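S.K.: So here's data-v6.cif, just mmCIF, C-alpha atoms:
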```cif
data_query
#
loop_
_atom_site.label_atom_id
_atom_site.label_comp_id
_atom_site.auth_asym_id
_atom_site.auth_seq_id
_atom_site.Cartn_x
_atom_site.Cartn_y
_atom_site.Cartn_z
CA MET A 286 -42.47 -14.86 -85.86
CA ARG A 287 -41.74 -12.80 -82.79
CA LYS A 288 -42.96 -9.24 -82.49
CA ILE A 289 -40.60 -6.52 -81.34
CA PHE A 290 -42.18 -3.95 -79.05
CA LEU A 291 -41.30 -0.40 -80.09
CA SER A 292 -41.83 2.78 -78.17
CA ALA A 293 -44.99 4.75 -78.85
CA ALA A 294 -43.04 7.80 -79.97
CA MET A 295 -41.08 5.91 -82.61
CA PHE A 296 -44.21 4.19 -83.87
CA VAL A 297 -46.17 7.45 -84.22
CA SER A 298 -43.33 9.25 -86.00
CA ALA A 299 -43.07 6.36 -88.44
CA LEU A 300 -46.76 6.63 -89.24
CA VAL A 301 -46.72 10.40 -89.68
CA PHE A 302 -43.61 10.90 -91.74
CA THR A 303 -43.15 7.65 -93.65
CA SER A 304 -42.78 8.15 -97.37
CA CYS A 305 -41.24 4.80 -98.26
CA ILE A 306 -39.78 1.71 -96.62
CA LYS A 307 -36.39 0.43 -97.62
CA SER A 308 -34.96 -2.88 -96.51
CA GLU A 309 -31.76 -4.77 -97.13
CA THR A 310 -31.47 -5.86 -100.76
CA VAL A 311 -30.36 -9.47 -101.20
CA GLN A 312 -30.45 -12.00 -104.01
CA SER A 313 -33.50 -14.20 -104.35
CA ILE A 314 -33.81 -17.97 -104.14
CA SER A 315 -36.29 -19.52 -106.54
CA GLU A 316 -39.14 -21.62 -105.20
CA THR A 317 -39.74 -25.11 -106.60
CA GLU A 318 -43.28 -26.35 -106.09
CA LEU A 319 -43.25 -30.13 -105.69
CA PHE A 320 -46.93 -30.94 -105.26
CA SER A 321 -50.20 -29.74 -103.79
CA LEU A 322 -52.73 -31.47 -101.56
CA PRO A 323 -56.48 -30.76 -101.45
CA TYR A 324 -58.43 -30.21 -98.26
CA GLY A 325 -60.80 -32.90 -97.10
CA ASN A 326 -61.17 -36.00 -94.94
CA PHE A 327 -59.95 -38.70 -97.33
CA GLU A 328 -56.58 -40.38 -96.91
CA GLU A 329 -54.64 -38.26 -99.43
CA GLN A 330 -56.20 -35.00 -98.25
CA LEU A 331 -55.44 -32.63 -95.38
CA SER A 332 -58.22 -32.00 -92.90
CA VAL A 333 -58.73 -28.52 -91.44
CA THR A 334 -62.04 -27.52 -89.88
CA ASP A 335 -61.53 -23.77 -90.05
CA LEU A 336 -58.51 -22.21 -91.72
CA ASN A 337 -59.39 -18.87 -90.13
CA ASP A 338 -58.84 -20.38 -86.69
CA VAL A 339 -55.05 -20.40 -86.98
CA GLY A 340 -54.57 -21.20 -83.30
CA ASP A 341 -55.94 -24.71 -83.81
CA VAL A 342 -53.97 -25.51 -86.98
CA ARG A 343 -51.64 -28.40 -86.12
CA PHE A 344 -49.41 -29.29 -89.05
CA GLY A 345 -45.75 -30.14 -89.44
CA ILE A 346 -43.46 -31.35 -92.22
CA ALA A 347 -40.18 -33.28 -92.39
CA MET A 348 -38.12 -34.29 -95.42
CA GLN A 349 -35.70 -37.20 -95.48
CA ASP A 350 -33.91 -38.43 -98.62
CA GLY A 351 -36.53 -36.90 -100.92
CA PHE A 352 -39.51 -38.33 -99.04
CA PHE A 353 -41.95 -36.02 -97.28
CA TYR A 354 -43.75 -36.62 -94.01
CA ILE A 355 -46.72 -34.44 -93.07
CA VAL A 356 -48.46 -34.65 -89.72
CA ASN A 357 -52.12 -33.59 -89.77
CA GLY A 358 -53.00 -33.12 -86.12
CA GLU A 359 -56.70 -32.53 -86.52
CA SER A 360 -57.34 -35.80 -88.34
CA LYS A 361 -54.73 -37.68 -86.22
CA LYS A 362 -52.80 -38.97 -89.21
CA ILE A 363 -49.34 -38.81 -90.76
CA LEU A 364 -48.71 -39.05 -94.50
CA GLU A 365 -45.55 -40.22 -96.25
CA LEU A 366 -45.35 -38.95 -99.84
CA ASN A 367 -42.82 -38.91 -102.64
CA SER A 368 -41.74 -35.76 -104.48
CA TYR A 369 -44.73 -36.09 -106.87
CA GLY A 370 -47.22 -36.09 -104.01
CA ASP A 371 -48.07 -39.79 -104.30
CA LEU A 372 -49.18 -41.28 -101.00
CA LEU A 373 -46.78 -44.05 -99.97
CA THR A 374 -47.78 -44.70 -96.37
CA LEU A 375 -50.56 -43.54 -94.07
CA PHE A 376 -50.41 -43.75 -90.28
CA TYR A 377 -53.57 -42.93 -88.33
CA ASN A 378 -55.14 -43.30 -84.90
CA GLU A 379 -57.52 -46.21 -84.49
CA ASP A 380 -60.17 -43.91 -83.00
CA SER A 381 -59.92 -41.25 -85.72
CA HIS A 382 -62.33 -40.24 -88.47
CA THR A 383 -59.73 -41.51 -90.95
CA ALA A 384 -59.97 -45.02 -89.45
CA ARG A 385 -63.74 -45.02 -89.86
CA LEU A 386 -63.51 -43.86 -93.47
CA LEU A 387 -60.97 -46.53 -94.37
CA GLU A 388 -63.00 -49.21 -92.66
CA ASN A 389 -65.95 -48.41 -94.92
CA SER A 390 -63.93 -47.98 -98.11
CA ASN A 391 -63.47 -50.58 -100.83
CA ARG A 392 -59.93 -49.63 -101.73
CA PRO A 393 -57.97 -52.81 -102.56
CA ASP A 394 -54.51 -51.75 -101.38
CA LYS A 395 -54.47 -51.76 -97.60
CA SER A 396 -50.72 -52.36 -97.28
CA ILE A 397 -49.95 -48.69 -97.05
CA HIS A 398 -52.39 -48.16 -94.14
CA HIS A 399 -51.06 -48.53 -90.60
CA GLU A 400 -53.34 -48.11 -87.63
CA ILE A 401 -51.88 -46.76 -84.38
CA SER A 402 -53.50 -47.75 -81.12
CA TYR A 403 -52.11 -44.99 -78.91
CA PRO A 404 -54.95 -42.46 -78.33
CA PHE A 405 -52.77 -39.38 -78.68
CA ASP A 406 -53.26 -36.00 -80.36
CA TYR A 407 -50.59 -34.54 -82.61
CA PRO A 408 -49.52 -30.88 -82.09
CA GLY A 409 -47.61 -30.92 -85.38
CA MET A 410 -43.90 -31.58 -84.68
CA ILE A 411 -42.25 -34.42 -86.61
CA ALA A 412 -38.77 -35.79 -87.36
CA VAL A 413 -37.47 -38.76 -89.37
CA ASP A 414 -34.14 -40.58 -89.17
CA SER A 415 -32.08 -42.19 -91.93
CA ASN A 416 -33.86 -45.54 -91.43
CA LYS A 417 -37.22 -43.82 -92.03
CA ASN A 418 -38.27 -44.24 -88.42
CA VAL A 419 -40.85 -41.56 -87.66
CA TYR A 420 -40.97 -39.51 -84.46
CA THR A 421 -43.83 -37.17 -83.71
CA VAL A 422 -44.80 -35.13 -80.65
CA CYS A 423 -48.06 -36.19 -79.01
CA SER A 424 -50.31 -34.67 -76.37
CA ILE A 425 -51.34 -37.40 -73.97
CA PRO A 426 -54.94 -37.68 -72.75
CA TRP A 427 -56.03 -35.05 -70.23
CA ASP A 428 -56.52 -37.51 -67.39
CA ARG A 429 -52.93 -38.78 -67.73
CA GLN A 430 -51.23 -35.39 -67.74
CA GLU A 431 -49.24 -34.41 -64.65
CA LYS A 432 -50.38 -31.19 -63.00
CA SER A 433 -49.29 -29.00 -60.10
CA ASP A 434 -51.37 -28.43 -56.99
CA ASP A 435 -52.97 -25.34 -58.55
CA GLY A 436 -54.00 -27.27 -61.69
CA THR A 437 -51.22 -26.03 -63.98
CA THR A 438 -50.16 -28.63 -66.54
CA LEU A 439 -46.53 -29.63 -65.98
CA TYR A 440 -45.98 -32.70 -68.16
CA SER A 441 -48.25 -33.29 -71.14
CA HIS A 442 -46.15 -34.39 -74.14
CA THR A 443 -44.56 -37.62 -75.28
CA ILE A 444 -42.89 -38.85 -78.49
CA LEU A 445 -44.59 -41.49 -80.61
CA ARG A 446 -42.08 -43.63 -82.52
CA PHE A 447 -42.76 -46.17 -85.23
CA ALA A 448 -41.03 -47.80 -88.18
CA ARG A 449 -41.93 -47.03 -91.78
CA ASP A 450 -43.82 -50.31 -92.14
CA GLY A 451 -45.95 -49.49 -89.09
CA SER A 452 -44.17 -51.96 -86.82
CA SER A 453 -42.44 -51.34 -83.49
CA VAL A 454 -44.87 -48.68 -82.37
CA ASP A 455 -44.02 -47.28 -78.94
CA TYR A 456 -43.60 -43.99 -77.19
CA ILE A 457 -40.61 -42.25 -75.64
CA GLY A 458 -40.74 -40.27 -72.40
CA GLN A 459 -38.10 -38.45 -70.40
CA GLN A 460 -36.17 -41.61 -69.51
CA GLY A 461 -36.75 -43.44 -72.80
CA PRO A 462 -39.36 -45.95 -74.02
CA GLY A 463 -42.40 -45.84 -71.75
CA GLY A 464 -40.94 -43.00 -69.68
CA THR A 465 -42.74 -40.17 -67.91
CA PRO A 466 -44.15 -37.35 -70.07
CA PHE A 467 -42.14 -34.30 -71.07
CA PRO A 468 -42.86 -30.67 -70.27
CA TYR A 469 -44.07 -28.64 -73.25
CA ILE A 470 -41.94 -29.61 -76.26
CA LYS A 471 -40.66 -26.84 -78.50
CA ASN A 472 -39.22 -29.08 -81.22
CA ILE A 473 -37.61 -32.45 -81.96
CA TYR A 474 -34.62 -33.40 -84.13
CA THR A 475 -32.75 -36.48 -85.35
CA THR A 476 -28.97 -36.54 -85.81
CA SER A 477 -26.72 -38.24 -88.37
CA LYS A 478 -26.28 -41.03 -85.78
CA ASP A 479 -30.10 -41.52 -85.76
CA GLU A 480 -30.31 -40.18 -82.23
CA LEU A 481 -33.40 -38.29 -81.09
CA VAL A 482 -33.06 -34.84 -79.49
CA VAL A 483 -36.01 -33.26 -77.71
CA VAL A 484 -36.01 -29.54 -76.85
CA ALA A 485 -38.56 -28.71 -74.15
CA ALA A 486 -39.51 -25.52 -72.35
CA SER A 487 -38.88 -24.93 -68.65
CA SER A 488 -39.54 -22.07 -66.26
CA GLU A 489 -35.81 -21.24 -66.26
CA GLY A 490 -35.09 -21.64 -69.98
CA MET A 491 -35.06 -24.94 -71.84
CA LEU A 492 -34.41 -28.62 -71.17
CA VAL A 493 -32.73 -30.76 -73.82
CA TYR A 494 -33.08 -34.56 -73.78
CA TRP A 495 -30.58 -36.40 -75.99
CA PHE A 496 -31.40 -40.07 -76.60
CA ALA A 497 -29.26 -42.88 -77.97
CA ASN A 498 -30.49 -44.64 -81.12
CA ASP A 499 -32.09 -47.35 -78.98
CA GLY A 500 -34.35 -44.67 -77.50
CA PHE A 501 -32.87 -44.50 -74.00
CA LEU A 502 -31.73 -41.24 -72.43
CA LYS A 503 -28.09 -40.37 -72.96
CA TYR A 504 -27.90 -36.75 -71.79
CA MET A 505 -30.26 -34.30 -70.12
CA ILE A 506 -29.00 -30.74 -70.49
CA PRO A 507 -30.64 -27.76 -68.77
CA VAL A 508 -30.10 -24.53 -70.70
CA THR A 509 -30.98 -21.83 -68.20
CA ILE A 510 -31.12 -18.05 -68.26
CA LYS A 511 -29.12 -17.75 -65.02
CA ASP A 512 -26.20 -19.70 -66.51
CA ALA A 513 -26.33 -17.95 -69.90
CA PRO A 514 -23.33 -15.83 -70.94
CA SER A 515 -23.63 -12.07 -70.44
CA VAL A 516 -23.54 -9.62 -73.33
CA ALA A 517 -20.09 -8.23 -74.15
CA ASP A 518 -20.92 -4.53 -73.72
CA LYS A 519 -22.83 -4.89 -70.46
CA GLU A 520 -21.23 -1.72 -69.08
CA GLU A 521 -23.06 0.34 -71.70
CA HIS A 522 -26.42 -1.19 -70.73
CA SER A 523 -27.08 -1.52 -67.01
CA ASP A 524 -30.54 -2.97 -67.47
CA ILE A 525 -29.85 -5.85 -69.87
CA PHE A 526 -32.06 -8.89 -69.94
CA LEU A 527 -32.02 -11.85 -72.28
CA THR A 528 -34.15 -14.55 -73.79
CA ILE A 529 -33.07 -18.00 -74.91
CA GLN A 530 -34.61 -17.82 -78.38
CA ASN A 531 -33.85 -21.38 -79.49
CA VAL A 532 -31.65 -24.40 -78.92
CA VAL A 533 -30.73 -26.67 -81.84
CA PRO A 534 -28.49 -29.77 -81.77
CA ASP A 535 -25.51 -30.24 -84.04
CA PRO A 536 -26.37 -33.13 -86.40
CA VAL A 537 -22.84 -34.58 -86.25
CA SER A 538 -21.20 -33.83 -82.88
CA TYR A 539 -22.43 -33.75 -79.28
CA LYS A 540 -22.99 -30.04 -79.26
CA LEU A 541 -25.92 -27.68 -78.89
CA TYR A 542 -26.25 -24.25 -80.46
CA VAL A 543 -27.96 -21.76 -78.18
CA GLN A 544 -29.28 -18.51 -79.62
CA ILE A 545 -29.56 -15.78 -77.01
CA ASP A 546 -31.22 -12.44 -77.77
CA TYR A 547 -30.24 -9.49 -75.60
CA TYR A 548 -32.50 -6.51 -74.84
CA SER A 549 -32.50 -3.38 -72.70
CA THR A 550 -35.39 -1.26 -71.50
CA TYR A 551 -36.26 1.88 -73.47
CA VAL A 552 -36.88 5.02 -71.43
CA ASP A 553 -38.60 8.01 -73.03
CA GLU A 554 -36.27 10.99 -72.71
CA ASP A 555 -39.05 13.50 -72.10
CA SER A 556 -41.21 11.64 -69.61
CA LYS A 557 -38.38 9.50 -68.14
CA VAL A 558 -40.83 6.59 -68.19
CA GLN A 559 -40.03 3.13 -69.47
CA SER A 560 -42.03 2.78 -72.65
CA GLY A 561 -40.63 -0.25 -74.44
CA ILE A 562 -37.60 -2.44 -75.00
CA ASN A 563 -34.60 -2.09 -77.27
CA TYR A 564 -33.09 -5.05 -79.06
CA ILE A 565 -29.31 -5.08 -78.64
CA GLN A 566 -27.92 -8.17 -80.36
CA SER A 567 -28.18 -11.92 -80.92
CA MET A 568 -25.38 -14.35 -80.16
CA LEU A 569 -25.08 -18.03 -81.05
CA TYR A 570 -23.20 -20.03 -78.42
CA PRO A 571 -21.96 -23.59 -79.01
CA LEU A 572 -22.53 -25.66 -75.87
CA ASN A 573 -20.41 -28.78 -75.50
CA ILE A 574 -22.76 -31.21 -73.76
CA GLU A 575 -19.98 -33.57 -72.71
CA THR A 576 -18.13 -30.84 -70.77
CA GLY A 577 -21.09 -28.54 -70.07
CA THR A 578 -19.16 -25.46 -71.22
CA TYR A 579 -20.00 -22.71 -73.66
CA GLU A 580 -17.55 -22.12 -76.49
CA ASP A 581 -16.75 -18.89 -78.34
CA PRO A 582 -19.93 -17.41 -79.81
CA VAL A 583 -20.71 -15.95 -83.19
CA SER A 584 -22.72 -12.76 -83.60
CA VAL A 585 -25.91 -13.11 -85.64
CA PRO A 586 -26.43 -9.85 -87.57
CA PRO A 587 -30.07 -8.74 -87.38
CA TYR A 588 -32.39 -8.01 -90.27
CA GLU A 589 -32.55 -4.28 -90.78
CA GLU A 590 -35.47 -2.36 -92.19
CA SER A 591 -35.39 1.40 -92.64
CA VAL A 592 -38.33 3.78 -92.55
CA VAL A 593 -37.40 6.89 -94.55
CA SER A 594 -39.31 10.04 -93.61
CA ASP A 595 -39.25 13.63 -94.81
CA TYR A 596 -37.04 14.61 -91.93
CA SER A 597 -35.30 11.50 -90.69
CA LYS A 598 -34.57 7.85 -91.18
CA LEU A 599 -35.48 5.22 -88.60
CA THR A 600 -33.79 1.81 -88.82
CA TYR A 601 -35.39 -1.14 -87.08
CA ARG A 602 -33.13 -4.03 -86.13
CA ILE A 603 -35.13 -7.26 -86.01
CA PRO A 604 -33.56 -10.50 -84.72
CA TYR A 605 -33.68 -13.59 -86.89
CA ASP A 606 -35.25 -16.84 -85.71
CA PHE A 607 -32.85 -19.78 -85.50
CA LEU A 608 -33.98 -22.46 -87.93
CA GLY A 609 -31.37 -25.21 -87.90
CA VAL A 610 -27.86 -26.52 -88.59
CA THR A 611 -26.53 -28.60 -91.48
CA LYS A 612 -23.97 -31.40 -91.39
CA SER A 613 -21.40 -29.06 -92.97
CA GLY A 614 -21.85 -26.59 -90.12
CA TRP A 615 -24.01 -23.91 -91.74
CA LYS A 616 -26.45 -22.26 -89.33
CA PHE A 617 -29.74 -21.09 -90.84
CA PHE A 618 -31.77 -18.13 -89.58
CA ILE A 619 -35.06 -16.82 -90.92
CA VAL A 620 -37.23 -13.72 -90.61
CA LYS A 621 -40.56 -12.87 -92.20
CA THR A 622 -40.57 -9.79 -94.42
CA GLU A 623 -43.30 -7.85 -96.19
CA ASP A 624 -42.96 -9.86 -99.41
CA GLY A 625 -41.59 -13.19 -98.22
CA PHE A 626 -38.78 -14.44 -96.00
CA ASN A 627 -35.12 -13.59 -95.57
CA ILE A 628 -32.61 -16.33 -94.87
CA GLU A 629 -29.26 -15.72 -93.22
CA MET A 630 -26.73 -18.56 -93.43
CA ILE A 631 -23.64 -18.45 -91.24
CA GLN A 632 -20.60 -20.72 -91.36
CA SER A 633 -18.77 -19.65 -88.21
CA GLU A 634 -15.66 -21.78 -88.87
CA SER A 635 -15.00 -20.07 -92.22
CA GLN A 636 -16.58 -16.77 -91.12
CA ARG A 637 -18.90 -16.77 -94.12
CA ILE A 638 -22.34 -15.15 -94.13
CA LEU A 639 -24.84 -15.58 -96.97
CA ARG A 640 -28.13 -13.69 -97.15
CA ARG A 641 -30.91 -14.61 -99.50
CA HIS A 642 -34.59 -13.81 -99.96
CA PHE A 643 -37.47 -15.89 -101.22
CA ASN A 644 -40.83 -14.49 -102.19
CA ALA A 645 -44.09 -15.50 -100.54
CA VAL A 646 -47.51 -13.90 -100.75
CA HIS A 647 -48.47 -13.78 -97.08
CA SER A 648 -52.04 -12.75 -97.86
CA ASN A 649 -52.53 -16.18 -99.50
CA ILE A 650 -50.69 -18.22 -96.87
CA ILE A 651 -52.81 -18.91 -93.82
CA TYR A 652 -50.29 -21.15 -92.09
CA ASP A 653 -46.73 -22.25 -92.86
CA SER A 654 -44.45 -24.94 -91.50
CA MET A 655 -40.79 -25.27 -92.49
CA CYS A 656 -38.00 -27.75 -91.97
CA LEU A 657 -34.30 -27.79 -92.78
CA SER A 658 -32.63 -31.01 -93.87
CA GLN A 659 -29.15 -31.92 -92.68
CA ASP A 660 -27.95 -31.30 -96.24
CA GLY A 661 -29.31 -27.76 -96.26
CA ILE A 662 -32.58 -28.10 -98.22
CA LEU A 663 -35.34 -25.87 -96.90
CA THR A 664 -38.82 -27.40 -97.30
CA ALA A 665 -42.05 -25.55 -96.64
CA LEU A 666 -45.68 -26.59 -96.26
CA TYR A 667 -47.97 -23.67 -97.13
CA LEU A 668 -51.64 -23.89 -96.21
CA GLU A 669 -53.36 -21.55 -98.64
CA LYS A 670 -57.02 -20.67 -99.12
CA GLU A 671 -57.77 -23.25 -101.80
CA THR A 672 -55.13 -25.92 -101.35
CA ALA A 673 -51.95 -26.87 -99.48
CA ARG A 674 -48.62 -26.70 -101.29
CA VAL A 675 -45.27 -28.35 -100.60
CA VAL A 676 -42.28 -26.42 -101.96
CA TRP A 677 -38.58 -26.40 -101.40
CA TYR A 678 -35.65 -24.02 -101.76
CA ARG A 679 -32.35 -25.56 -102.83
CA THR A 680 -30.08 -23.66 -100.51
CA ASP A 681 -27.80 -26.70 -100.55
CA ASN A 682 -26.91 -25.97 -104.18
CA LEU A 683 -26.22 -22.36 -103.26
CA ILE A 684 -23.79 -23.36 -100.49
CA ASP A 685 -22.04 -25.92 -102.73
CA ALA A 686 -21.54 -23.28 -105.42
CA ILE A 687 -20.10 -20.81 -102.92
CA LEU A 688 -17.66 -23.36 -101.48
CA LYS A 689 -16.38 -24.34 -104.93
CA ASN A 690 -15.43 -20.75 -105.77
#
```
Do you think you could lay out the structure here as structure tokens?

M.R.:
Amino acid sequence: MRKIFLSAAMFVSALVFTSCIKSETVQSISETELFSLPYGNFEEQLSVTDLNDVGDVRFGIAMQDGFFYIVNGESKKILELNSYGDLLTLFYNEDSHTARLLENSNRPDKSIHHEISYPFDYPGMIAVDSNKNVYTVCSIPWDRQEKSDDGTTLYSHTILRFARDGSSVDYIGQQGPGGTPFPYIKNIYTTSKDELVVVAASSEGMLVYWFANDGFLKYMIPVTIKDAPSVADKEEHSDIFLTIQNVVPDPVSYKLYVQIDYYSTYVDEDSKVQSGINYIQSMLYPLNIETGTYEDPVSVPPYEESVVSDYSKLTYRIPYDFLGVTKSGWKFFIVKTEDGFNIEMIQSESQRILRRHFNAVHSNIIYDSMCLSQDGILTALYLEKETARVVWYRTDNLIDAILKN
């Protein structure tokens, strides 16, 4: 989650006078634990060398039609499991520790094991289409990465693609199968047409690669800061700057949703010195990729948390992170809170906003990875101290109930 930089004066006053913290009260969503996975090196286990070294934890999860796909980057393997946690399929690198273990094992059923010859590492991003084709982001070997004259890595990622039965293994680059590597990939998605969408970072914002279902490039869309829409009340803030927080494809139509967060500099009134930044607002802009034009945006209300003191009340406005879009057009946003996560769901066409909370004990969760299905089911992989858990939150049922009323 992103950190918001606050001025020193506000931070000190909060520490000195805080008597209690009040935040927005919303209804809770119950967690359903589906299964847990132990840590270890065997095929049905998740391998993590050091859970305290969060920077090297490379995990991701995807859910498609009630099947769960977990990428374990450290052990170079991908697991397909059912909702009971039974291992259905295992994909693994031929040069991995998993391959050596399976080679020496006497397990009779080898049909679920599929060896992959590409010597890639897995950062932890994964997506699955309706035909159960698996797509995962890979870091290519160091000697094959493209670098600038000063040694900076420019293109280092590719997409490994393979069928559920382990056949048709290939990789997708910028132009399609066998193409040149991508710049750093932020995330990947599949649409209802089984088309792959890759969102990559660039020095000017983001680059979006939209592929046809045969894997070849259909659209390449630059989403740049210089072409981003300006904030509506720019006259009130002469020093506005913005960040492109996320770009997510619509699962049904050829449209991107671009979340832009707007900020202004904070100047201390006494010293007249810039001492921080103020968050202004977040806007979600639909971008029609066939015309290249932005459509009317929707405002994304921030999460508000109030610090009540003996003498005053300070309210912090924290922007949500954009999580995804469902086939019915609901946009999901998430923010971490003291006792869990808050979800904000916006249906811009009907002008509906739903806010819900789900509990999570952050002191027990060392790493989390979440995914949103096209039907609106939120699935989470929690790496905890003793075991890893897969849970989900049936926000799809919540939306269905609201629409029926």

S.K.: Report as a PyMOL selection string all protein, DNA and RNA residues lying within 12 Å of range 346-349 of chain A, evaluated on all atoms listed in the file, omitting residues in the same chain fewer than 5 positions from it.

M.R.: chain A and resi 354-358+363-368+408-421+472-477+653-668+674-677

S.K.: Distance cut-off 10 Å, centre (-26.5, -14.6, -71.8) in file coordinates, counting all atoms listed in the file: which residues qualify? Return them as an NGL selection string.

M.R.: :A and (509-517 or 525-529 or 543-547 or 567-570)

S.K.: What is the distance between CA of Gly325 in chain A and CA of Tyr377 in chain A, in Å to one decimal?

M.R.: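 The value is 15.2 Å.
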
S.K.: Got a sec to resolve the PyMOL selection byres ((chain A and resi 466) around 10) on this structure and send the residues as a PyMOL selection string?

M.R.: chain A and resi 423-425+429-431+439-444+456-461+463-465+467-469

S.K.: Write the residues of the preceding selection, restricted to C-alpha atoms, as a PDB file, keeping the file's coordinate frame.

M.R.:
```pdb
ATOM      1  CA  CYS A 423     -48.060 -36.190 -79.010  1.00  0.00           C
ATOM      2  CA  SER A 424     -50.310 -34.670 -76.370  1.00  0.00           C
ATOM      3  CA  ILE A 425     -51.340 -37.400 -73.970  1.00  0.00           C
ATOM      4  CA  ARG A 429     -52.930 -38.780 -67.730  1.00  0.00           C
ATOM      5  CA  GLN A 430     -51.230 -35.390 -67.740  1.00  0.00           C
ATOM      6  CA  GLU A 431     -49.240 -34.410 -64.650  1.00  0.00           C
ATOM      7  CA  LEU A 439     -46.530 -29.630 -65.980  1.00  0.00           C
ATOM      8  CA  TYR A 440     -45.980 -32.700 -68.160  1.00  0.00           C
ATOM      9  CA  SER A 441     -48.250 -33.290 -71.140  1.00  0.00           C
ATOM     10  CA  HIS A 442     -46.150 -34.390 -74.140  1.00  0.00           C
ATOM     11  CA  THR A 443     -44.560 -37.620 -75.280  1.00  0.00           C
ATOM     12  CA  ILE A 444     -42.890 -38.850 -78.490  1.00  0.00           C
ATOM     13  CA  TYR A 456     -43.600 -43.990 -77.190  1.00  0.00           C
ATOM     14  CA  ILE A 457     -40.610 -42.250 -75.640  1.00  0.00           C
ATOM     15  CA  GLY A 458     -40.740 -40.270 -72.400  1.00  0.00           C
ATOM     16  CA  GLN A 459     -38.100 -38.450 -70.400  1.00  0.00           C
ATOM     17  CA  GLN A 460     -36.170 -41.610 -69.510  1.00  0.00           C
ATOM     18  CA  GLY A 461     -36.750 -43.440 -72.800  1.00  0.00           C
ATOM     19  CA  GLY A 463     -42.400 -45.840 -71.750  1.00  0.00           C
ATOM     20  CA  GLY A 464     -40.940 -43.000 -69.680  1.00  0.00           C
ATOM     21  CA  THR A 465     -42.740 -40.170 -67.910  1.00  0.00           C
ATOM     22  CA  PHE A 467     -42.140 -34.300 -71.070  1.00  0.00           C
ATOM     23  CA  PRO A 468     -42.860 -30.670 -70.270  1.00  0.00           C
ATOM     24  CA  TYR A 469     -44.070 -28.640 -73.250  1.00  0.00           C
TER      25      TYR A 469
END
```

S.K.: Given 5 Å on each side, where is the centre and what are the edge lengths in Å to one decimal of the axis-aligned box enclosing the listed atoms of range 446-457 of chain A, as lines of an AutoDock Vina configuration file?

M.R.:
```
center_x = -43.3
center_y = -47.1
center_z = -83.9
size_x = 15.3
size_y = 19.7
size_z = 26.5
```

S.K.: For Ser332 in chain A, which of A:Thr600, A:Val311, A:Ile628, A:Thr383 is the closest residue, counting only C-alpha atoms?

M.R.: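 So, comparing all the options, the nearest one is A:Thr383.
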
S.K.: Just the number, please: distance in Å from CA of Tyr494 in chain A to CA of Ile506 in chain A, one decimal.

M.R.: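 About the pair CA of Tyr494 in chain A and CA of Ile506 in chain A: they are 6.5 Å apart.
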
S.K.: Identify all residues satisfying the PyMOL selection byres ((chain A and resi 581-585) around 9) in the given file; provide them as a VMD selection string.

M.R.: chain A and resid 544 566 to 571 579 to 580 586 to 587 604 to 605 618 629 631 633 636

S.K.: Could you jot down the CA of Val610 in chain A to CA of Pro536 in chain A separation for me, Å, one decimal place?

M.R.: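 Going from CA of Val610 in chain A over to CA of Pro536 in chain A covers 7.1 Å.
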
S.K.: Run the PyMOL selection byres ((chain A and resi 321) around 6) on the file and write out the hits as a list in words.

M.R.: Phe320, Leu322, Ala673 and Arg674 of chain A
